[in-house]
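Below is upload.txt, holding compact mmCIF, C-alpha atoms and all ligand atoms.
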```txt
# COMPACT_ATOMS: atom_id res chain seq x y z
CA MET B 1 83.61 84.86 115.00
CA GLU B 2 81.85 83.19 112.06
CA ARG B 3 85.10 83.20 110.08
CA TRP B 4 86.88 81.29 112.87
CA ILE B 5 84.13 78.69 113.07
CA PHE B 6 84.28 78.27 109.29
CA LEU B 7 88.05 77.81 109.40
CA LEU B 8 87.72 75.25 112.21
CA ILE B 9 85.19 73.26 110.16
CA VAL B 10 87.47 73.28 107.13
CA LEU B 11 90.42 72.10 109.21
CA CYS B 12 88.43 69.33 110.89
CA SER B 13 86.90 68.02 107.70
CA SER B 14 90.10 67.88 105.70
CA VAL B 15 93.00 65.54 105.48
CA ARG B 16 96.34 66.91 104.57
CA GLY B 17 98.23 64.65 102.19
CA TRP B 18 101.05 65.59 99.84
CA GLY B 19 100.68 69.26 100.73
CA GLN B 20 97.21 69.37 99.32
CA VAL B 21 93.92 69.69 101.16
CA ILE B 22 91.29 67.12 100.25
CA ASP B 23 87.84 68.30 101.23
CA LEU B 24 86.19 65.27 102.83
CA SER B 25 82.83 67.01 103.13
CA VAL B 26 82.34 66.23 99.43
CA PRO B 27 80.94 62.70 99.01
CA GLY B 28 83.54 60.39 97.44
CA ALA B 29 86.23 63.03 97.87
CA ILE B 30 89.02 60.54 98.49
CA GLN B 31 87.94 58.34 95.58
CA ILE B 32 88.33 61.13 93.03
CA VAL B 33 92.01 61.38 93.93
CA LYS B 34 94.32 58.58 92.84
CA PHE B 35 97.76 57.99 94.25
CA ILE B 36 100.53 56.19 92.39
CA ARG B 37 103.49 54.89 94.37
CA ALA B 38 106.47 54.87 91.98
CA GLY B 39 109.54 52.80 92.85
CA VAL B 40 111.52 54.90 90.41
CA LEU B 41 110.21 57.87 88.46
CA ILE B 42 111.65 58.94 85.10
CA ASP B 43 109.57 62.09 84.71
CA GLY B 44 110.30 62.70 81.00
CA GLU B 45 112.04 66.03 81.51
CA SER B 46 114.71 65.75 84.22
CA ASN B 47 117.90 63.91 83.38
CA SER B 48 118.01 61.81 86.53
CA PRO B 49 115.44 59.35 87.83
CA ARG B 50 114.05 59.75 91.36
CA ARG B 51 113.41 56.93 93.80
CA ASP B 52 110.23 56.37 95.90
CA GLN B 53 107.88 59.01 94.60
CA VAL B 54 104.15 59.48 95.02
CA ILE B 55 102.09 60.95 92.19
CA THR B 56 98.65 62.36 92.95
CA ILE B 57 96.05 62.49 90.22
CA ARG B 58 92.79 64.39 90.22
CA ALA B 59 90.33 64.82 87.37
CA GLY B 60 92.69 63.28 84.83
CA ARG B 61 95.62 65.54 85.68
CA VAL B 62 98.74 65.13 87.75
CA THR B 63 98.39 67.49 90.70
CA GLU B 64 101.45 66.73 92.84
CA VAL B 65 104.66 64.68 92.80
CA PHE B 66 106.22 63.99 96.22
CA ASP B 67 108.94 62.02 97.93
CA ALA B 68 107.16 59.06 99.49
CA ALA B 69 108.90 59.78 102.81
CA SER B 70 107.28 63.19 103.16
CA ALA B 71 103.78 62.09 102.22
CA ARG B 72 100.87 60.42 103.96
CA ILE B 73 98.16 58.70 101.96
CA PRO B 74 94.69 59.18 103.50
CA ALA B 75 92.93 55.99 104.61
CA GLY B 76 90.51 54.76 101.96
CA ALA B 77 92.25 56.51 99.08
CA GLU B 78 92.82 54.66 95.82
CA VAL B 79 96.48 53.69 95.66
CA ILE B 80 98.16 52.13 92.63
CA ASP B 81 101.23 50.31 93.83
CA LEU B 82 104.06 50.61 91.32
CA SER B 83 106.66 50.73 94.09
CA GLN B 84 108.61 47.89 92.46
CA ALA B 85 108.47 49.37 88.98
CA THR B 86 109.90 52.21 86.91
CA VAL B 87 107.23 54.80 86.12
CA LEU B 88 107.38 57.06 83.06
CA PRO B 89 105.07 59.47 81.24
CA GLY B 90 102.85 57.97 78.54
CA LEU B 91 104.99 57.53 75.43
CA ILE B 92 104.54 59.49 72.19
CA ASP B 93 105.10 58.10 68.69
CA ALA B 94 105.34 61.11 66.38
CA HIS B 95 105.13 59.19 63.10
CA THR B 96 102.53 56.47 62.60
CA HIS B 97 99.98 55.29 60.02
CA ILE B 98 97.01 53.75 61.80
CA PHE B 99 95.40 52.98 58.42
CA LEU B 100 98.32 50.83 57.20
CA GLN B 101 99.00 47.26 58.26
CA GLY B 102 102.54 46.42 57.19
CA GLU B 103 101.71 45.83 53.53
CA ASP B 104 102.83 42.25 53.18
CA PRO B 105 103.53 41.88 49.42
CA ALA B 106 102.19 38.33 49.63
CA GLU B 107 98.84 39.76 50.76
CA GLY B 108 98.62 42.36 48.00
CA GLY B 109 101.01 44.99 49.37
CA TYR B 110 100.08 48.65 49.53
CA ASP B 111 97.85 48.71 46.46
CA ILE B 112 95.24 46.31 47.77
CA GLN B 113 94.49 48.65 50.68
CA LEU B 114 93.26 51.27 48.23
CA LEU B 115 91.85 49.05 45.52
CA LYS B 116 89.98 46.33 47.35
CA TYR B 117 89.35 47.33 50.94
CA SER B 118 86.35 49.42 51.90
CA LEU B 119 86.82 52.40 54.19
CA ALA B 120 84.76 50.62 56.84
CA PHE B 121 87.11 47.64 56.75
CA ARG B 122 90.16 49.89 56.98
CA ALA B 123 88.61 51.89 59.81
CA ALA B 124 87.88 48.68 61.72
CA ARG B 125 91.54 47.71 61.40
CA ALA B 126 92.65 51.22 62.42
CA THR B 127 90.57 50.71 65.58
CA VAL B 128 92.80 47.73 66.33
CA SER B 129 95.97 49.71 65.48
CA VAL B 130 95.20 52.42 68.03
CA ARG B 131 94.39 49.83 70.67
CA ARG B 132 97.76 48.13 70.02
CA ALA B 133 99.51 51.46 70.50
CA LEU B 134 97.77 52.13 73.82
CA GLU B 135 98.49 48.60 75.09
CA GLN B 136 102.19 49.25 74.47
CA GLY B 137 102.17 52.47 76.50
CA PHE B 138 101.92 54.92 73.61
CA THR B 139 99.28 57.31 74.88
CA THR B 140 99.80 59.87 72.09
CA LEU B 141 100.35 59.45 68.34
CA ARG B 142 101.02 61.95 65.60
CA ASP B 143 99.50 60.02 62.71
CA MET B 144 101.15 60.97 59.43
CA GLU B 145 98.34 60.43 56.93
CA THR B 146 95.69 57.89 56.10
CA GLU B 147 97.10 56.50 52.81
CA GLY B 148 93.95 56.81 50.75
CA ALA B 149 91.51 56.55 53.65
CA GLY B 150 90.59 60.23 53.38
CA TYR B 151 89.57 61.82 56.65
CA GLY B 152 89.21 58.50 58.46
CA ASP B 153 91.78 59.53 61.07
CA VAL B 154 89.54 62.42 62.14
CA GLY B 155 86.76 59.88 62.72
CA ILE B 156 88.98 57.52 64.72
CA LYS B 157 90.12 60.47 66.82
CA GLN B 158 86.49 61.44 67.48
CA ALA B 159 85.65 57.88 68.52
CA ILE B 160 88.56 57.83 70.99
CA GLU B 161 87.73 61.24 72.41
CA GLY B 162 84.08 60.24 72.74
CA GLY B 163 85.06 57.15 74.71
CA TYR B 164 83.64 54.72 72.12
CA ILE B 165 86.95 52.95 71.51
CA PRO B 166 90.20 52.84 73.49
CA GLY B 167 93.19 54.57 71.96
CA PRO B 168 95.87 57.19 72.33
CA ARG B 169 95.25 60.91 71.86
CA LEU B 170 95.70 61.52 68.16
CA PHE B 171 97.21 64.40 66.25
CA VAL B 172 96.09 63.70 62.70
CA SER B 173 97.20 64.88 59.26
CA THR B 174 94.39 63.47 57.07
CA ARG B 175 95.22 62.99 53.34
CA ALA B 176 98.78 64.40 52.92
CA ILE B 177 99.97 66.23 49.80
CA SER B 178 102.28 65.39 46.90
CA THR B 179 102.57 66.25 43.19
CA THR B 180 101.72 64.45 39.94
CA GLY B 181 104.19 61.58 39.70
CA GLY B 182 104.90 61.87 43.41
CA TYR B 183 102.95 59.04 45.06
CA PRO B 184 101.36 55.59 44.53
CA LEU B 185 99.24 54.03 43.19
CA GLU B 186 101.53 53.71 40.18
CA GLY B 187 102.26 51.36 37.32
CA TYR B 188 98.70 50.90 36.03
CA ALA B 189 97.60 51.40 32.44
CA PRO B 190 97.36 55.16 31.83
CA GLU B 191 93.78 54.70 30.61
CA ILE B 192 92.71 53.52 34.05
CA GLU B 193 91.95 56.00 36.78
CA VAL B 194 93.36 54.65 40.07
CA PRO B 195 93.19 56.26 43.51
CA LYS B 196 96.24 57.94 45.03
CA GLY B 197 97.48 57.58 48.58
CA VAL B 198 97.63 61.39 48.92
CA GLN B 199 95.98 64.53 47.59
CA ILE B 200 97.82 65.48 44.38
CA ILE B 201 98.54 69.17 43.70
CA ASP B 202 100.39 71.04 40.98
CA GLY B 203 101.14 74.72 41.48
CA PRO B 204 100.98 76.99 44.54
CA VAL B 205 97.25 77.70 44.13
CA GLU B 206 96.29 74.02 44.27
CA ALA B 207 98.80 73.50 47.09
CA ARG B 208 97.23 76.20 49.24
CA LYS B 209 93.73 74.96 48.44
CA ALA B 210 94.62 71.41 49.48
CA ALA B 211 96.03 72.67 52.79
CA ARG B 212 92.87 74.73 53.36
CA GLU B 213 90.62 71.74 52.64
CA GLN B 214 92.55 69.44 54.95
CA LEU B 215 92.72 72.00 57.76
CA ASP B 216 89.02 72.73 57.36
CA ARG B 217 88.19 69.03 57.66
CA GLY B 218 90.15 68.44 60.83
CA ALA B 219 93.89 68.12 60.11
CA ASP B 220 96.02 68.96 63.16
CA TRP B 221 99.17 68.78 61.02
CA ILE B 222 99.76 68.98 57.26
CA LYS B 223 101.95 66.22 55.83
CA VAL B 224 103.83 66.87 52.59
CA TYR B 225 105.91 64.44 50.53
CA MET B 226 108.95 66.40 49.36
CA THR B 227 110.70 63.37 47.82
CA HIS B 228 109.35 60.21 46.25
CA ARG B 229 111.39 57.57 44.39
CA SER B 230 114.90 56.81 45.64
CA TRP B 231 117.89 54.98 44.15
CA VAL B 232 121.66 54.68 44.42
CA SER B 233 123.47 57.10 42.09
CA LYS B 234 126.49 56.24 39.95
CA SER B 235 128.72 57.85 42.57
CA GLY B 236 127.16 55.63 45.26
CA GLY B 237 125.04 58.23 47.06
CA LEU B 238 121.33 57.99 47.93
CA GLU B 239 119.38 59.98 45.35
CA SER B 240 115.71 60.88 45.60
CA GLN B 241 113.20 62.43 43.27
CA PRO B 242 112.05 65.89 44.39
CA THR B 243 108.31 66.59 44.25
CA LEU B 244 106.92 69.99 45.29
CA THR B 245 108.72 73.20 44.33
CA VAL B 246 109.74 75.64 47.06
CA GLU B 247 106.88 77.93 45.90
CA GLU B 248 104.33 75.13 46.26
CA LEU B 249 105.61 74.22 49.70
CA ARG B 250 105.74 77.85 50.84
CA ALA B 251 102.06 78.27 49.96
CA ILE B 252 101.23 75.27 52.17
CA VAL B 253 103.47 76.36 55.05
CA ASP B 254 102.15 79.93 54.92
CA GLU B 255 98.53 78.75 54.95
CA THR B 256 99.10 76.16 57.68
CA HIS B 257 101.03 78.50 59.96
CA GLY B 258 98.23 81.00 59.54
CA TRP B 259 95.90 78.42 61.11
CA GLY B 260 98.36 77.99 63.99
CA LYS B 261 99.27 74.51 62.76
CA LYS B 262 102.50 72.90 61.56
CA VAL B 263 103.87 71.12 58.49
CA ALA B 264 105.68 67.78 58.46
CA CYS B 265 107.77 66.97 55.39
CA HIS B 266 108.71 63.49 54.23
CA ALA B 267 112.19 64.07 52.77
CA TYR B 268 114.96 61.56 52.08
CA SER B 269 117.88 63.47 50.56
CA GLY B 270 119.19 65.99 48.04
CA GLU B 271 117.16 68.65 46.30
CA GLY B 272 113.78 67.63 47.75
CA LEU B 273 115.17 67.72 51.30
CA GLN B 274 116.75 71.11 50.59
CA ARG B 275 113.42 72.47 49.30
CA ALA B 276 111.74 71.16 52.46
CA LEU B 277 114.14 73.22 54.58
CA ASP B 278 114.05 76.31 52.34
CA GLY B 279 110.25 76.16 52.23
CA GLY B 280 110.02 76.25 56.03
CA CYS B 281 108.94 72.75 57.07
CA ASP B 282 108.57 72.29 60.82
CA SER B 283 109.68 68.67 60.89
CA ILE B 284 111.72 66.54 58.52
CA GLU B 285 110.41 62.98 58.40
CA HIS B 286 113.09 60.31 57.82
CA GLY B 287 115.97 62.62 56.70
CA LEU B 288 117.95 59.70 55.36
CA ALA B 289 120.95 61.62 54.04
CA LEU B 290 121.29 64.98 55.75
CA THR B 291 124.37 66.96 54.77
CA ASP B 292 126.33 68.97 57.34
CA ALA B 293 124.97 72.18 55.80
CA GLN B 294 121.39 70.86 56.08
CA ILE B 295 121.95 69.90 59.71
CA ALA B 296 123.25 73.41 60.39
CA GLN B 297 120.16 74.85 58.67
CA MET B 298 117.86 72.67 60.78
CA ILE B 299 119.51 73.93 63.97
CA ARG B 300 119.30 77.53 62.76
CA GLN B 301 115.61 77.19 61.84
CA GLY B 302 114.63 75.00 64.80
CA THR B 303 113.49 72.20 62.46
CA TRP B 304 112.67 68.85 64.08
CA LEU B 305 113.91 65.48 62.88
CA CYS B 306 111.63 62.46 63.13
CA ALA B 307 113.95 59.77 61.83
CA THR B 308 112.00 56.43 61.90
CA LEU B 309 115.11 54.20 61.82
CA SER B 310 113.70 50.69 62.29
CA VAL B 311 111.35 50.65 59.33
CA TYR B 312 114.33 50.69 56.93
CA TYR B 313 115.62 47.37 58.25
CA GLY B 314 112.70 45.20 57.17
CA ASP B 315 111.95 43.58 53.81
CA TRP B 316 115.18 44.25 51.93
CA ALA B 317 115.13 43.16 48.28
CA PRO B 318 117.95 40.74 47.26
CA ALA B 319 121.42 42.34 47.48
CA ASP B 320 122.21 41.87 43.79
CA THR B 321 119.21 43.92 42.60
CA ALA B 322 118.93 47.70 42.19
CA ALA B 323 116.12 47.76 44.77
CA GLY B 324 118.20 45.66 47.16
CA GLN B 325 121.17 48.03 46.86
CA ARG B 326 118.86 50.96 47.46
CA ASP B 327 117.37 49.31 50.56
CA ARG B 328 120.84 48.75 52.03
CA LYS B 329 121.98 52.26 51.12
CA ARG B 330 118.92 53.77 52.80
CA ALA B 331 119.80 52.07 56.08
CA SER B 332 123.52 52.88 55.99
CA ALA B 333 123.01 56.52 54.94
CA HIS B 334 120.33 56.91 57.60
CA GLU B 335 122.60 55.67 60.36
CA GLU B 336 125.29 58.18 59.38
CA SER B 337 122.73 60.97 59.07
CA PHE B 338 121.18 60.20 62.48
CA ARG B 339 124.55 59.98 64.24
CA LYS B 340 125.53 63.41 62.86
CA ALA B 341 122.19 64.94 63.83
CA VAL B 342 122.44 63.64 67.42
CA LYS B 343 125.99 64.92 67.75
CA ALA B 344 125.09 68.34 66.35
CA GLY B 345 122.12 68.71 68.71
CA VAL B 346 119.26 68.65 66.20
CA LYS B 347 115.86 68.47 67.94
CA ILE B 348 114.78 64.83 67.59
CA ALA B 349 111.32 63.36 68.22
CA PHE B 350 110.66 59.63 68.44
CA GLY B 351 108.85 58.21 65.41
CA THR B 352 108.51 54.75 63.92
CA ASP B 353 106.38 54.68 60.75
CA MET B 354 104.23 51.99 62.43
CA GLY B 355 101.75 50.82 59.84
CA GLY B 356 104.74 50.56 57.52
CA ILE B 357 105.72 48.09 60.26
CA PRO B 358 102.88 45.67 61.17
CA TRP B 359 101.02 46.76 64.32
CA GLY B 360 101.70 43.38 65.89
CA GLU B 361 105.38 44.30 66.25
CA PRO B 362 106.71 46.30 69.22
CA ILE B 363 106.67 50.06 68.67
CA ALA B 364 109.52 50.39 71.18
CA GLN B 365 111.90 48.56 68.81
CA GLU B 366 112.94 52.06 67.72
CA PHE B 367 114.57 52.84 71.10
CA PRO B 368 117.53 50.40 70.83
CA ARG B 369 118.28 51.70 67.32
CA MET B 370 118.38 55.28 68.58
CA VAL B 371 120.73 54.24 71.39
CA GLU B 372 122.88 52.17 69.04
CA PHE B 373 123.26 55.23 66.79
CA GLY B 374 124.41 57.67 69.44
CA MET B 375 121.66 58.66 71.87
CA THR B 376 121.84 57.97 75.58
CA PRO B 377 118.92 55.88 76.86
CA MET B 378 117.61 58.97 78.66
CA GLN B 379 117.78 61.04 75.45
CA ALA B 380 115.89 58.32 73.62
CA ILE B 381 113.20 58.27 76.34
CA GLN B 382 112.94 62.06 76.29
CA SER B 383 112.56 61.98 72.49
CA ALA B 384 109.37 59.96 73.08
CA THR B 385 108.20 62.09 76.02
CA SER B 386 109.05 65.76 76.64
CA ARG B 387 110.74 66.38 73.27
CA ALA B 388 107.88 64.88 71.27
CA ALA B 389 105.46 66.93 73.41
CA GLU B 390 107.41 70.03 72.43
CA LEU B 391 107.06 69.10 68.76
CA LEU B 392 103.30 68.83 69.35
CA GLU B 393 103.24 72.18 71.23
CA MET B 394 102.10 70.33 74.34
CA LYS B 395 105.09 71.05 76.55
CA GLY B 396 104.20 70.54 80.21
CA LYS B 397 100.89 68.86 79.30
CA LEU B 398 102.16 65.67 77.66
CA GLY B 399 105.40 63.71 77.94
CA VAL B 400 106.06 64.68 81.55
CA ILE B 401 104.92 63.65 85.01
CA ALA B 402 104.60 66.96 86.80
CA PRO B 403 101.75 69.06 88.21
CA GLY B 404 99.42 70.23 85.44
CA ALA B 405 100.24 67.42 83.00
CA TYR B 406 97.60 65.00 81.71
CA ALA B 407 97.73 61.86 83.83
CA ASP B 408 99.22 59.68 81.08
CA VAL B 409 101.42 57.26 83.01
CA VAL B 410 103.14 53.98 82.13
CA ALA B 411 105.36 51.56 84.03
CA VAL B 412 107.84 48.78 83.31
CA SER B 413 109.54 46.20 85.46
CA GLY B 414 113.25 46.85 85.65
CA ASP B 415 115.57 49.58 84.50
CA PRO B 416 115.11 50.96 80.98
CA LEU B 417 118.25 53.10 81.42
CA ALA B 418 120.31 49.91 81.76
CA ASN B 419 118.35 48.00 79.13
CA ILE B 420 116.27 50.16 76.80
CA LYS B 421 114.57 47.07 75.32
CA ILE B 422 112.55 46.83 78.54
CA LEU B 423 110.31 49.53 77.05
CA GLU B 424 108.92 46.80 74.76
CA ASN B 425 107.19 45.39 77.84
CA VAL B 426 105.06 48.14 79.28
CA GLY B 427 102.95 46.54 82.00
CA PHE B 428 100.92 49.49 83.23
CA VAL B 429 99.10 52.09 81.15
CA MET B 430 97.03 55.01 82.38
CA LYS B 431 95.55 57.64 80.08
CA ASP B 432 93.74 60.74 81.36
CA GLY B 433 93.88 59.28 84.88
CA LYS B 434 92.06 56.08 83.83
CA VAL B 435 93.87 52.75 84.12
CA PHE B 436 93.82 50.91 80.80
CA LYS B 437 96.21 48.09 81.69
CA ASN B 438 97.76 46.94 84.96
CA GLU B 439 99.88 43.83 84.54
CA VAL B 440 103.19 45.15 85.75
CA ALA B 441 105.23 42.44 87.42
CA LEU B 442 106.04 43.72 90.89
CA ARG B 443 109.55 42.41 90.64
CA GLY B 444 112.63 43.42 88.73
CA LYS B 445 115.82 45.36 89.12
CA LEU B 446 115.29 49.07 89.73
CA PRO B 447 117.74 51.68 88.36
CA PHE B 448 119.34 52.28 91.80
ZN ZN P 501 105.33 57.47 57.13
```
Represent the supplied structure as structure tokens.
Ligand SMILES: [Zn+2]
Amino acid sequence: MERWIFLLIVLCSSVRGWGQVIDLSVPGAIQIVKFIRAGVLIDGESNSPRRDQVITIRAGRVTEVFDAASARIPAGAEVIDLSQATVLPGLIDAHTHIFLQGEDPAEGGYDIQLLKYSLAFRAARATVSVRRALEQGFTTLRDMETEGAGYGDVGIKQAIEGGYIPGPRLFVSTRAISTTGGYPLEGYAPEIEVPKGVQIIDGPVEARKAAREQLDRGADWIKVYMTHRSWVSKSGGLESQPTLTVEELRAIVDETHGWGKKVACHAYSGEGLQRALDGGCDSIEHGLALTDAQIAQMIRQGTWLCATLSVYYGDWAPADTAAGQRDRKRASAHEESFRKAVKAGVKIAFGTDMGGIPWGEPIAQEFPRMVEFGMTPMQAIQSATSRAAELLEMKGKLGVIAPGAYADVVAVSGDPLANIKILENVGFVMKDGKVFKNEVALRGKLPF
């Protein structure tokens, strides 16, 4: 008898919405659930968008996704009306530098960051960088090293996680690693000791030690520079200077994998790129001139490509200089390399090298380049959602709007599948179920 009374009480004190029972006997029960009405939902994983969906969010997670027709929203519940907008998962940029600011040569370029700016000043600017990313709908960044700012990224990440500053969730790589002669600052009198933008190692023992230090101090990823200088060869190809040996890289990869973490390798072309693949890198950053054999090796090994196309289109030196020819060759080789990789089915994650690009510019400028060079708009979106989440080993948790995922949600007016540039105007941003920005214009053409 008692069981029946209990059941009756539960039934009477609950409202059934979206197939889920909300216990109204708990004070504020309705308020802890948020409902988003989505005019069109691109969920990050499925290849077709869905019209008129309702997303329920509880405790920072997506709990249900329903057809609006089959759902009732309880009276008094918090409803976010995006019924005239296209809703997507929070976007992921898998290659940024929050501690760089575009390096305008007229303002002292790269060197001044390390020579004249205090860490506090650089951290203050990084605080702005992460805010810019979040405002543009990028709710997750894989930041690819601090460029001389040590472990500052770990601190910025702590401040975001602690709720002290707004920003995306960060996967950080701290100092990065290269060899003697493999990274700026360069060109100073040899008698003067200048700082380097990375941790310099020579030999497998130092390589492993550097990885251990960085992992111990909070690196989520290890970043390695496998090539450094680049130029156009006599035969007209893009050449680049290799840095670490395969043995040095293997020591880093072995150590890092032992910690359950992954290694990202900056690699442009040639021998250095080959060593990156032979040494077991998990992601190739840039990959400006991938050969067919290297593409086949990437597919065989499951290596990711994070191309960062747009950054190679800014600040070209004059065409009649060696640097100008190199700048143009980088862009043209990269286009060819990216087209081949897309066609062959290499795993591609969205990345921009923001920081190399000033943070005032749109991060989403990378999308139209990806589409221009062979991706469908949906593939480009997935590269910044579910595919990037896979790279980060966060499949199902990030880059998707489905039950169990973090409630990282963005929205745009109009149809990004018809015009990918629309992603430069994200009007609504939610991270962890909390609304950060809600300025979406409730008008615009929906995908269908
Ligand atoms: Zn970079």
Expected answer as a count of residues only: residues within 7 Å of ligand ZN 501 (chain P), all atoms listed in the file: 6
Shell of 7 Å around range 239-243 of chain B, all atoms listed in the file, local chain residues under 2 positions omitted, as a PyMOL selection string: chain B and resi 178-179+182+226-233+237+245+268-272
Serialized selection, C-alpha atoms, as an mmCIF file, keeping the file's coordinate frame:
```cif
data_model
loop_
_atom_site.group_PDB
_atom_site.id
_atom_site.type_symbol
_atom_site.label_atom_id
_atom_site.label_comp_id
_atom_site.auth_asym_id
_atom_site.auth_seq_id
_atom_site.Cartn_x
_atom_site.Cartn_y
_atom_site.Cartn_z
ATOM 1 C CA SER B 178 102.280 65.390 46.900
ATOM 2 C CA THR B 179 102.570 66.250 43.190
ATOM 3 C CA GLY B 182 104.900 61.870 43.410
ATOM 4 C CA MET B 226 108.950 66.400 49.360
ATOM 5 C CA THR B 227 110.700 63.370 47.820
ATOM 6 C CA HIS B 228 109.350 60.210 46.250
ATOM 7 C CA ARG B 229 111.390 57.570 44.390
ATOM 8 C CA SER B 230 114.900 56.810 45.640
ATOM 9 C CA TRP B 231 117.890 54.980 44.150
ATOM 10 C CA VAL B 232 121.660 54.680 44.420
ATOM 11 C CA SER B 233 123.470 57.100 42.090
ATOM 12 C CA GLY B 237 125.040 58.230 47.060
ATOM 13 C CA THR B 245 108.720 73.200 44.330
ATOM 14 C CA TYR B 268 114.960 61.560 52.080
ATOM 15 C CA SER B 269 117.880 63.470 50.560
ATOM 16 C CA GLY B 270 119.190 65.990 48.040
ATOM 17 C CA GLU B 271 117.160 68.650 46.300
ATOM 18 C CA GLY B 272 113.780 67.630 47.750
#
```
Shell around Ala276 in chain B at 12 Å using all atoms listed in the file, local window under 6 positions removed, as a ChimeraX atom specification: /B:223-227,242-250,252-253,263-270,282-285,287,290,294,297-298,301,303-304
Given all atoms listed in the file as the counted atoms, nearest of B:Leu215, B:Asn438, B:Asn47, B:Leu277 to Arg300 in chain B: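 Residue with the minimum atom-to-atom distance to Arg300 in chain B: B:Leu277.
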Top pick for closest residue to Tyr183 in chain B, considering B:Glu147, B:Asp216, B:Glu206, B:Glu161 and counting all atoms listed in the file: B:Glu147
Draw an axis-aligned box over all listed atoms of range 132-141 of chain B, pad each side with 6 Å, and write its centre and edge lengths in Å, one decimal, as lines of an AutoDock Vina configuration file.
```
center_x = 100.0
center_y = 54.0
center_z = 72.4
size_x = 16.4
size_y = 23.7
size_z = 20.2
```
Nearest-residue call for Gly414 in chain B, choices B:Leu141, B:Ala296, B:Leu82, B:Ala75, using only C-alpha atoms: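 Of B:Leu141, B:Ala296, B:Leu82, B:Ala75, the one nearest Gly414 in chain B is B:Leu82, counting only C-alpha atoms.
Counting all atoms listed in the file and comparing B:Gly137, B:Pro184, B:Pro190, B:Gly374, the residue that lies closest to Asn425 in chain B is B:Gly137.
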Selection: 8 Å around range 117-119 of chain B, only C-alpha atoms, excl. self and same-chain fewer than 4 positions, as a list in words: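 Once the adjacent positions are removed, what remains is Ile112, Gln113, Ala123, Ala149 and Gly152 of chain B.
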Coordinates-based distance that separates CA of Ile32 in chain B from CA of Ile57 in chain B (Å, one decimal):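 A separation of 8.3 Å between them.
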Spatial neighbours of range 427-434 of chain B, max dist 6 Å, only C-alpha atoms, sep filter under 5 positions, as a count of residues only: 11
Of the listed residues B:Gln53, B:Thr139, B:Thr127, B:Thr376, that which approaches Ala38 in chain B most closely, counting all atoms listed in the file: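 Using all atoms listed in the file, Ala38 in chain B sits closest to B:Gln53.
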Counting all atoms listed in the file, the residue of B:Gly167, B:Gly351, B:Gly109, B:Ala322 that sits nearest Lys234 in chain B: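 Among B:Gly167, B:Gly351, B:Gly109, B:Ala322, it is B:Ala322 that comes nearest to Lys234 in chain B.
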CA of Asp254 in chain B to CA of Gly279 in chain B, straight-line distance in Å: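 Between these atoms lies a distance of 9.3 Å.
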Residues at most 7 Å from Glu424 in chain B, counting all atoms listed in the file, excluding those fewer than 2 positions away in the same chain, as a CSV table (one decimal) with C-alpha atoms, in the frame of the given file?
```csv
chain,number,residue,atom,x,y,z
B,362,PRO,CA,106.7,46.3,69.2
B,364,ALA,CA,109.5,50.4,71.2
B,365,GLN,CA,111.9,48.6,68.8
B,421,LYS,CA,114.6,47.1,75.3
B,422,ILE,CA,112.6,46.8,78.5
B,426,VAL,CA,105.1,48.1,79.3
```
For CA of Asp415 in chain B and CA of Ile36 in chain B, the interatomic separation in Å (one decimal):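 These atoms are spaced 18.2 Å apart.
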Show me the residues around (103.1, 52.4, 92.3) - criterion: an atom at most 8 Å away, only C-alpha atoms counted - as an mmCIF file with C-alpha atoms, keeping the file's coordinate frame.
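Printed below is out.cif as written:
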```cif
data_model
loop_
_atom_site.group_PDB
_atom_site.id
_atom_site.type_symbol
_atom_site.label_atom_id
_atom_site.label_comp_id
_atom_site.auth_asym_id
_atom_site.auth_seq_id
_atom_site.Cartn_x
_atom_site.Cartn_y
_atom_site.Cartn_z
ATOM 1 C CA PHE B 35 97.760 57.990 94.250
ATOM 2 C CA ILE B 36 100.530 56.190 92.390
ATOM 3 C CA ARG B 37 103.490 54.890 94.370
ATOM 4 C CA ALA B 38 106.470 54.870 91.980
ATOM 5 C CA GLY B 39 109.540 52.800 92.850
ATOM 6 C CA VAL B 54 104.150 59.480 95.020
ATOM 7 C CA VAL B 79 96.480 53.690 95.660
ATOM 8 C CA ILE B 80 98.160 52.130 92.630
ATOM 9 C CA ASP B 81 101.230 50.310 93.830
ATOM 10 C CA LEU B 82 104.060 50.610 91.320
ATOM 11 C CA SER B 83 106.660 50.730 94.090
ATOM 12 C CA GLN B 84 108.610 47.890 92.460
ATOM 13 C CA ALA B 85 108.470 49.370 88.980
ATOM 14 C CA VAL B 87 107.230 54.800 86.120
#
```
